[in-house]
Structures are given as structure tokens and as C-alpha cells.
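> Hey, dropping query-v4.txt in here, compact mmCIF, C-alpha atoms and all ligand atoms:
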# COMPACT_ATOMS: atom_id res chain seq x y z
CA MET A 1 73.71 16.64 37.97
CA ILE A 2 70.01 15.87 38.05
CA GLN A 3 68.64 14.65 41.30
CA PHE A 4 65.29 12.94 41.87
CA ALA A 5 63.59 13.28 45.18
CA CYS A 6 62.99 9.96 46.91
CA PRO A 7 59.27 9.56 47.79
CA SER A 8 58.38 9.56 51.43
CA LEU A 9 57.66 6.19 53.08
CA PRO A 10 53.82 6.53 53.02
CA LEU A 11 53.93 7.55 49.34
CA ARG A 12 56.19 4.62 48.48
CA ARG A 13 53.74 2.30 50.20
CA VAL A 14 50.84 3.74 48.11
CA LEU A 15 52.83 3.37 44.88
CA PHE A 16 53.75 -0.22 45.73
CA LEU A 17 50.16 -1.18 46.59
CA SER A 18 48.83 0.51 43.43
CA ALA A 19 51.25 -1.42 41.25
CA PHE A 20 50.38 -4.64 43.06
CA SER A 21 46.65 -4.14 42.63
CA ILE A 22 47.03 -3.39 38.91
CA ILE A 23 49.09 -6.53 38.36
CA SER A 24 46.91 -8.77 40.50
CA GLY A 25 43.75 -7.27 38.97
CA THR A 26 45.02 -8.02 35.46
CA THR A 27 45.84 -11.57 36.50
CA LEU A 28 42.36 -12.02 37.96
CA VAL A 29 40.63 -10.74 34.81
CA GLN A 30 42.86 -12.98 32.68
CA ALA A 31 42.01 -15.98 34.82
CA GLN A 32 38.30 -15.22 34.55
CA ALA A 33 38.51 -14.77 30.77
CA ASP A 34 40.35 -18.07 30.42
CA SER A 35 37.83 -19.93 32.53
CA LEU A 36 36.19 -22.83 30.77
CA ASP A 37 33.27 -22.73 33.20
CA ASP A 38 31.44 -19.47 32.49
CA HIS A 39 30.25 -18.97 28.90
CA LYS A 40 28.72 -15.58 29.86
CA LEU A 41 32.16 -13.99 30.11
CA THR A 42 32.34 -13.80 26.30
CA GLU A 43 28.75 -12.64 25.61
CA LEU A 44 28.06 -8.98 24.71
CA TYR A 45 24.64 -7.26 24.69
CA THR A 46 25.33 -3.71 23.48
CA PRO A 47 25.37 -1.93 21.13
CA VAL A 48 22.54 -3.76 19.36
CA PRO A 49 23.00 -3.84 15.52
CA PRO A 50 20.26 -1.80 13.80
CA VAL A 51 17.54 -3.62 11.88
CA VAL A 52 17.68 -3.31 8.06
CA THR A 53 15.08 -4.67 5.64
CA PRO A 54 16.86 -6.50 2.79
CA GLY A 55 16.03 -5.90 -0.85
CA ALA A 56 15.33 -8.20 -3.82
CA LYS A 57 16.47 -11.83 -4.08
CA GLU A 58 19.95 -12.86 -5.14
CA GLY A 59 22.15 -15.86 -5.70
CA LEU A 60 22.24 -18.26 -8.70
CA PRO A 61 25.64 -19.96 -9.28
CA PRO A 62 28.04 -18.57 -11.90
CA SER A 63 29.59 -20.91 -14.49
CA ASP A 64 32.78 -21.63 -12.56
CA ALA A 65 31.12 -22.49 -9.23
CA VAL A 66 31.50 -25.88 -7.54
CA ILE A 67 27.98 -26.98 -6.69
CA LEU A 68 27.81 -28.30 -3.12
CA PHE A 69 24.03 -28.79 -3.01
CA ASP A 70 21.58 -28.26 -5.85
CA GLY A 71 18.56 -30.02 -4.39
CA LYS A 72 19.29 -33.49 -5.78
CA ASN A 73 21.50 -35.32 -3.29
CA LEU A 74 24.19 -35.06 -0.61
CA ASP A 75 26.98 -36.60 -2.68
CA GLU A 76 29.33 -33.74 -1.70
CA TRP A 77 28.77 -34.22 2.05
CA VAL A 78 29.70 -36.58 4.90
CA LEU A 79 28.96 -36.73 8.61
CA THR A 80 31.45 -34.72 10.67
CA LYS A 81 31.56 -37.27 13.47
CA ASP A 82 33.81 -39.60 11.44
CA GLY A 83 34.42 -37.62 8.25
CA THR A 84 33.52 -40.59 6.04
CA THR A 85 29.88 -41.72 6.58
CA PRO A 86 27.59 -40.29 3.89
CA ALA A 87 25.56 -37.36 5.23
CA ASP A 88 22.01 -38.37 6.09
CA TRP A 89 20.24 -35.07 6.53
CA ILE A 90 16.85 -35.02 4.82
CA VAL A 91 16.63 -34.14 1.09
CA ARG A 92 13.06 -33.51 -0.06
CA LYS A 93 11.61 -31.33 -2.77
CA ASP A 94 15.03 -29.81 -3.61
CA ILE A 95 15.55 -28.78 0.01
CA LEU A 96 18.00 -30.02 2.64
CA THR A 97 16.76 -30.19 6.25
CA VAL A 98 18.89 -30.73 9.35
CA ASN A 99 18.77 -34.19 10.92
CA LYS A 100 19.54 -33.35 14.54
CA THR A 101 20.07 -36.98 15.49
CA SER A 102 22.99 -37.47 13.09
CA GLY A 103 24.93 -34.30 13.95
CA ASN A 104 26.99 -31.87 11.88
CA ILE A 105 27.77 -32.49 8.21
CA GLN A 106 30.73 -31.27 6.17
CA THR A 107 31.95 -31.21 2.60
CA LYS A 108 34.14 -34.01 1.26
CA ARG A 109 36.22 -31.39 -0.50
CA THR A 110 38.53 -29.07 1.34
CA PHE A 111 39.03 -25.38 0.67
CA THR A 112 41.38 -22.53 1.52
CA ASN A 113 40.24 -19.14 0.17
CA TYR A 114 36.85 -18.92 -1.49
CA GLN A 115 33.55 -17.20 -2.28
CA LEU A 116 30.52 -19.12 -0.96
CA HIS A 117 26.77 -18.79 -1.40
CA ILE A 118 24.25 -20.60 0.79
CA GLU A 119 20.52 -20.21 1.40
CA TRP A 120 18.72 -21.19 4.57
CA ARG A 121 15.23 -21.00 5.99
CA ILE A 122 13.93 -20.91 9.53
CA PRO A 123 10.65 -22.86 9.66
CA SER A 124 7.56 -20.65 9.94
CA ASN A 125 6.43 -22.58 13.01
CA ILE A 126 9.71 -22.00 14.85
CA THR A 127 9.55 -21.98 18.65
CA GLY A 128 12.06 -21.19 21.36
CA SER A 129 14.03 -18.05 22.17
CA ASP A 130 17.52 -16.64 22.52
CA GLN A 131 20.06 -19.19 21.19
CA ALA A 132 17.44 -21.97 21.14
CA ARG A 133 15.46 -20.69 18.13
CA GLY A 134 16.54 -22.12 14.79
CA ASN A 135 20.19 -22.34 15.78
CA SER A 136 22.53 -23.78 13.18
CA GLY A 137 25.80 -22.50 11.80
CA LEU A 138 28.00 -22.18 8.78
CA PHE A 139 31.54 -23.20 9.67
CA LEU A 140 33.79 -21.35 7.24
CA ALA A 141 36.49 -23.93 7.90
CA SER A 142 35.94 -27.08 9.94
CA THR A 143 39.06 -27.99 11.88
CA GLY A 144 37.85 -31.07 13.69
CA ARG A 145 34.90 -32.96 15.11
CA GLY A 146 31.91 -31.31 16.74
CA ASP A 147 31.98 -27.52 16.50
CA ASP A 148 35.72 -27.06 15.93
CA GLY A 149 36.40 -24.31 13.40
CA TYR A 150 35.12 -20.83 12.56
CA GLU A 151 31.35 -20.39 12.87
CA MET A 152 29.21 -17.77 11.19
CA GLN A 153 26.02 -18.02 13.22
CA ILE A 154 22.68 -19.07 11.76
CA LEU A 155 19.76 -18.29 14.08
CA ASP A 156 16.33 -16.68 13.97
CA CYS A 157 16.90 -13.10 15.16
CA TYR A 158 13.74 -11.67 13.61
CA ASN A 159 12.22 -10.36 16.83
CA ASN A 160 14.42 -12.62 18.91
CA SER A 161 17.17 -11.12 21.03
CA THR A 162 20.34 -12.77 22.23
CA TYR A 163 23.91 -11.67 22.81
CA THR A 164 24.95 -9.52 19.85
CA ASN A 165 28.11 -11.47 19.10
CA GLY A 166 26.00 -14.62 18.89
CA GLN A 167 23.12 -13.31 16.78
CA THR A 168 22.44 -14.10 13.12
CA ALA A 169 25.48 -13.38 10.91
CA SER A 170 27.82 -12.88 13.83
CA ILE A 171 31.23 -14.48 13.80
CA TYR A 172 30.35 -16.45 16.87
CA LYS A 173 31.48 -14.67 20.04
CA GLN A 174 33.96 -12.54 18.11
CA ASP A 175 32.03 -9.99 16.08
CA ALA A 176 28.40 -8.86 15.92
CA PRO A 177 27.02 -8.22 12.41
CA LEU A 178 27.02 -4.60 11.23
CA VAL A 179 23.21 -4.80 10.96
CA ASN A 180 20.38 -7.24 11.57
CA ALA A 181 19.13 -8.15 8.06
CA CYS A 182 16.93 -11.08 9.11
CA ARG A 183 13.86 -12.05 7.15
CA LYS A 184 10.79 -13.55 8.78
CA PRO A 185 10.73 -17.25 9.69
CA GLY A 186 9.42 -19.17 6.68
CA GLU A 187 11.27 -16.95 4.17
CA TRP A 188 14.49 -17.98 2.42
CA GLN A 189 17.63 -16.07 3.40
CA SER A 190 21.16 -16.06 2.02
CA TYR A 191 24.76 -15.70 3.08
CA ASP A 192 27.45 -14.70 0.61
CA VAL A 193 30.89 -15.06 2.12
CA ILE A 194 34.42 -14.19 1.05
CA TRP A 195 36.82 -16.18 3.20
CA THR A 196 40.56 -15.72 3.48
CA ALA A 197 42.04 -18.63 5.41
CA PRO A 198 44.66 -18.12 8.11
CA VAL A 199 48.25 -18.91 7.18
CA PHE A 200 50.60 -20.79 9.49
CA ASN A 201 54.34 -21.41 9.65
CA THR A 202 55.55 -25.01 9.57
CA ASP A 203 56.08 -24.80 13.35
CA GLY A 204 52.37 -24.01 13.77
CA SER A 205 52.77 -20.31 14.59
CA LEU A 206 50.44 -17.83 12.91
CA VAL A 207 51.64 -15.88 9.85
CA SER A 208 48.33 -14.11 9.11
CA PRO A 209 44.86 -14.43 10.66
CA ALA A 210 41.66 -15.45 8.88
CA ARG A 211 39.54 -12.69 7.35
CA VAL A 212 35.90 -12.66 6.37
CA THR A 213 33.63 -10.37 4.40
CA SER A 214 30.00 -11.45 4.27
CA PHE A 215 26.54 -10.42 3.17
CA HIS A 216 23.23 -11.47 4.72
CA ASN A 217 20.38 -11.21 2.24
CA GLY A 218 22.66 -9.00 0.14
CA VAL A 219 23.45 -6.62 3.00
CA LEU A 220 27.03 -6.24 4.25
CA VAL A 221 27.32 -7.73 7.74
CA GLN A 222 31.05 -8.48 8.11
CA ASN A 223 33.54 -6.15 6.49
CA ASN A 224 36.98 -7.75 6.19
CA PHE A 225 36.82 -8.84 9.82
CA GLU A 226 40.03 -10.30 11.20
CA LEU A 227 39.30 -13.37 13.30
CA LYS A 228 41.00 -13.82 16.66
CA GLY A 229 41.07 -17.58 16.25
CA GLN A 230 38.59 -20.42 16.13
CA THR A 231 35.14 -19.61 17.50
CA ARG A 232 34.42 -21.07 20.93
CA TYR A 233 31.40 -21.32 23.22
CA ARG A 234 33.56 -20.99 26.32
CA GLY A 235 36.76 -19.05 26.72
CA LYS A 236 38.76 -16.88 24.39
CA PRO A 237 39.42 -17.73 20.74
CA TYR A 238 42.85 -18.92 19.67
CA TYR A 239 44.50 -20.30 16.56
CA LYS A 240 45.62 -23.85 16.02
CA ALA A 241 47.42 -24.60 12.76
CA HIS A 242 45.48 -26.35 10.01
CA GLY A 243 45.48 -26.73 6.26
CA PRO A 244 42.70 -26.74 3.64
CA SER A 245 39.44 -27.55 5.44
CA PRO A 246 35.87 -28.69 4.77
CA ILE A 247 32.86 -26.38 5.02
CA LYS A 248 30.59 -27.55 7.86
CA LEU A 249 26.89 -27.12 8.72
CA GLN A 250 25.74 -27.33 12.32
CA ALA A 251 23.07 -29.61 13.75
CA HIS A 252 22.57 -27.62 16.95
CA GLY A 253 21.29 -29.45 20.00
CA ASP A 254 18.45 -27.06 20.82
CA LYS A 255 14.87 -28.33 20.83
CA SER A 256 13.47 -25.95 18.20
CA GLU A 257 12.28 -27.13 14.78
CA PRO A 258 15.13 -28.01 12.34
CA ILE A 259 16.06 -25.47 9.68
CA SER A 260 16.57 -26.07 5.95
CA PHE A 261 19.14 -25.21 3.25
CA ARG A 262 19.27 -24.94 -0.54
CA ASN A 263 21.43 -23.61 -3.39
CA ILE A 264 24.92 -24.03 -1.90
CA TRP A 265 27.87 -23.27 -4.15
CA ILE A 266 31.47 -22.21 -3.82
CA ARG A 267 34.21 -20.63 -5.94
CA PRO A 268 37.72 -21.47 -4.70
CA LEU A 269 40.00 -18.43 -5.11
MG MG B 301 25.14 -22.06 15.83
Now that the file is in, can you turn its structure into C-alpha cells?


Amino acid sequence: MIQFACPSLPLRRVLFLSAFSIISGTTLVQAQADSLDDHKLTELYTPVPPVVTPGAKEGLPPSDAVILFDGKNLDEWVLTKDGTTPADWIVRKDILTVNKTSGNIQTKRTFTNYQLHIEWRIPSNITGSDQARGNSGLFLASTGRGDDGYEMQILDCYNNSTYTNGQTASIYKQDAPLVNACRKPGEWQSYDVIWTAPVFNTDGSLVSPARVTSFHNGVLVQNNFELKGQTRYRGKPYYKAHGPSPIKLQAHGDKSEPISFRNIWIRPL
């Protein structure tokens, strides 16, 4: 028969207190992470993605692409705030510029899995710093009003530092880009995105998470990244069931000069 020695009373007390502190410590960290009050809990600053200089230009639509913006009008877009009012961002000289007073815009069409191309430009006279410097965003699926959905960050990070999981081409507060491929303010930049939508059971539970592969100025920045849920400014990401969704562009509330877009097209897969 195998016998185990019973720990002495002082040792038992140590073991009990250790277990208690581990459990209570975990609970405390969980409570902090779930807090809606402190956005800094989800901001990372190291390691900083290395800077890479992108190569030649890219991006005209192939024959089977759905054109979402070709410089002429915003017929494919509505305001996110009600999902029906025609988008009233500014179209001039084949370029679309954010109208910060009217808020986010989104496509009339909805999408599931797709390949998307979009070009954007930070104005050459951009001011501000950190997250308040040309902030916008490409929501790979919009799941509601405001900023609900999955945001790939648009920001000027050419000589502008911020938290790495909130810099240009991050999946906001979930994954920093592999590199920083930013061009200078005033130059056109591109995102090419391959999006695999999350799949849900009829009871709302998750079957498979969303995945994204993306290129910034032709340079790989997200490599089949598995999202942890919708992107959130405060608190941890989580999934909430949804179906086919619009693509959304962000009118961020910072005071810096509004950014512009052009040549937006998509290929549903
Ligand atoms: Mg943003």
C-alpha cells in the first residue's frame, strides 16, 4: 500500500494561502481586464514593428471586382448612423474625403468573405500625435452603429508613435502589423485585404473565428490572423453573432485634418 505523508500544519497553511493568492490574483486580473473604465489595459508598446519602405505602386481593379468607389459618386454608400441616409462625405476631383460632422459611412451591400482594395491618403499638412493624427479605420465587417465591428486601423504612423496594436495596419487592439510600411503624409497608400468572416451556430455560438490576411502598400502586415472578436476601445474583444455585413469607413473624432480615399473595390469570394 502506498502512503502519502500528511504535510505539517505550517506547510498546509502555506499551501492553502498560495492557492488562495493564485485564485484571487487571477480574479483580480480578470476584473481589471474586463473593466470598461481603463482603455490603457489593452494597449501594448513593445515590440515595435520594424520600419519597411514599400516598393512600386499597385492596385487597379480586375474585371470581376465590384466597384465601391471610382471617384464619381457615393452611390454605393450610406451613413452608418441610420444605415439609409445617402453618404455625404466630400467627393472632389475623383477623391473621397471624410466629413467628420456626418460620422461613419458604410456600403449598402453586405459581404461575407472577400478580397478588398482601398487607397487612402493622410493630408500633407497633418497635425496631432499618437491616435489623434489622421485616425480613420477600415471596418472589415460593420456589425452595428458607431464603431461596432472589426477595425483595421488607418492612422499616420510615419514618424508617429502610439501603442503598437493601435498603429497603422493593426487589427485594432488585437494584433500589431508585422512591419510599419507607412508612406509619408501626402502620399497615397493602399490596403489589400483577404477577409474570412466568422461563422456562427443558429444559437449564436461561434463555429469559427474571423481571419484576415492583409497588405499595406504591398507589404504583408497581417498573416492569416485569427481575430478574438470584434475590436473594442475598452475591454477585451468578444464575438457576437452576425450575418453578411457592410464595409465601414471611420470618421474619427480627433481634431486632425480629415483623410481621403480613392479606388475602392471588392471581390466577394
Ligand atoms: Mg481608427

> Choose the residue, out of A:Gly134, A:Gly186, A:Pro244, A:Pro86, that has the smallest atom-to-atom separation from ligand MG 301 (chain B); count only C-alpha atoms and all ligand atoms.

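Closest to ligand MG 301 (chain B), using only C-alpha atoms and all ligand atoms: A:Gly134.
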
> Nearest to ligand MG 301 (chain B): which of A:Ile259, A:Cys182, A:Leu138, A:Ala210 is it, counting only C-alpha atoms and all ligand atoms?

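Smallest distance to ligand MG 301 (chain B) is found for A:Leu138.
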
> Which residues sit within 9 Å of ligand MG 301 (chain B), counting all atoms listed in the file, listed as number ranges by chain?

A: 131, 134-139, 147, 151-155, 166, 168, 172, 249-252

> Using all atoms listed in the file, which residue out of A:Gln115, A:Leu206, A:Asn223, A:Ala87 lies closest to A:Asp64?

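Using all atoms listed in the file, A:Asp64 sits closest to A:Gln115.
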
> One decimal, Å: what's the distance from atom CA of A:Lys72 over to atom CA of A:Gly59, could you say?

17.9 Å

> With 8 Å as the threshold, what does the neighbourhood of (13.5, -25.3, 16.3) contain in terms of residues, counting only C-alpha atoms? Coordinates are those of the file; answer as a list in words.

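Protein, DNA and RNA residues close to (13.5, -25.3, 16.3): Pro123, Ile126, Thr127, Gly128, Ala132, Arg133, Gly134, Asn135, Asp254, Lys255, Ser256, Glu257, Pro258 and Ile259 of chain A.
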
> Hey, could you pull the box centre and edge lengths for stretch 177-191 of chain A, axis-aligned, 5 Å padding per side, all listed atoms, to one decimal in Å, as JSON?


{"center_x": 18.2, "center_y": -11.9, "center_z": 7.2, "size_x": 27.6, "size_y": 24.6, "size_z": 20.4}

> From the list A:Gly218, A:Gly243, A:Glu226, A:Thr231, which residue is nearest A:Thr202 when using all atoms listed in the file?

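Result for the nearest residue to A:Thr202: A:Gly243.
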
> Which polymer residues have any atom within 7 Å of an atom of A:Gln222, counting only C-alpha atoms, with same-chain residues fewer than 6 positions away left out, as a list of chain:residue names?

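Final neighbour list, sorted by chain and number: A:Pro177, A:Leu178, A:Val212, A:Thr213, A:Ser214, A:Phe215.
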
> So how many Å separate atom CA of A:Thr80 and atom CA of A:Arg145, to one decimal?

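Atom-to-atom, atom CA of A:Thr80 to atom CA of A:Arg145, that is 5.9 Å.
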
> Let me make sure I understand: among A:Ser205, A:Asn99, A:Ser142, A:Thr162, which one has the smallest atom-to-atom distance to A:Lys248 if we use all atoms listed in the file?

A:Ser142

> Which residues come within 12 Å of A:Arg92, counting all atoms listed in the file, excluding same-chain residues fewer than 5 positions away, as a list in words?

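So, after excluding close chain neighbours, the residues are Asp70, Gly71, Lys72, Asn73, Leu74, Thr97, Val98, Ser260, Phe261 and Arg262 of chain A.
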
> With distances taken over all atoms listed in the file, which of A:Glu43, A:Asp88, A:Glu187, A:Asp37 is nearest to A:Ser170?

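Among the listed residues, the smallest separation from A:Ser170 belongs to A:Glu43.
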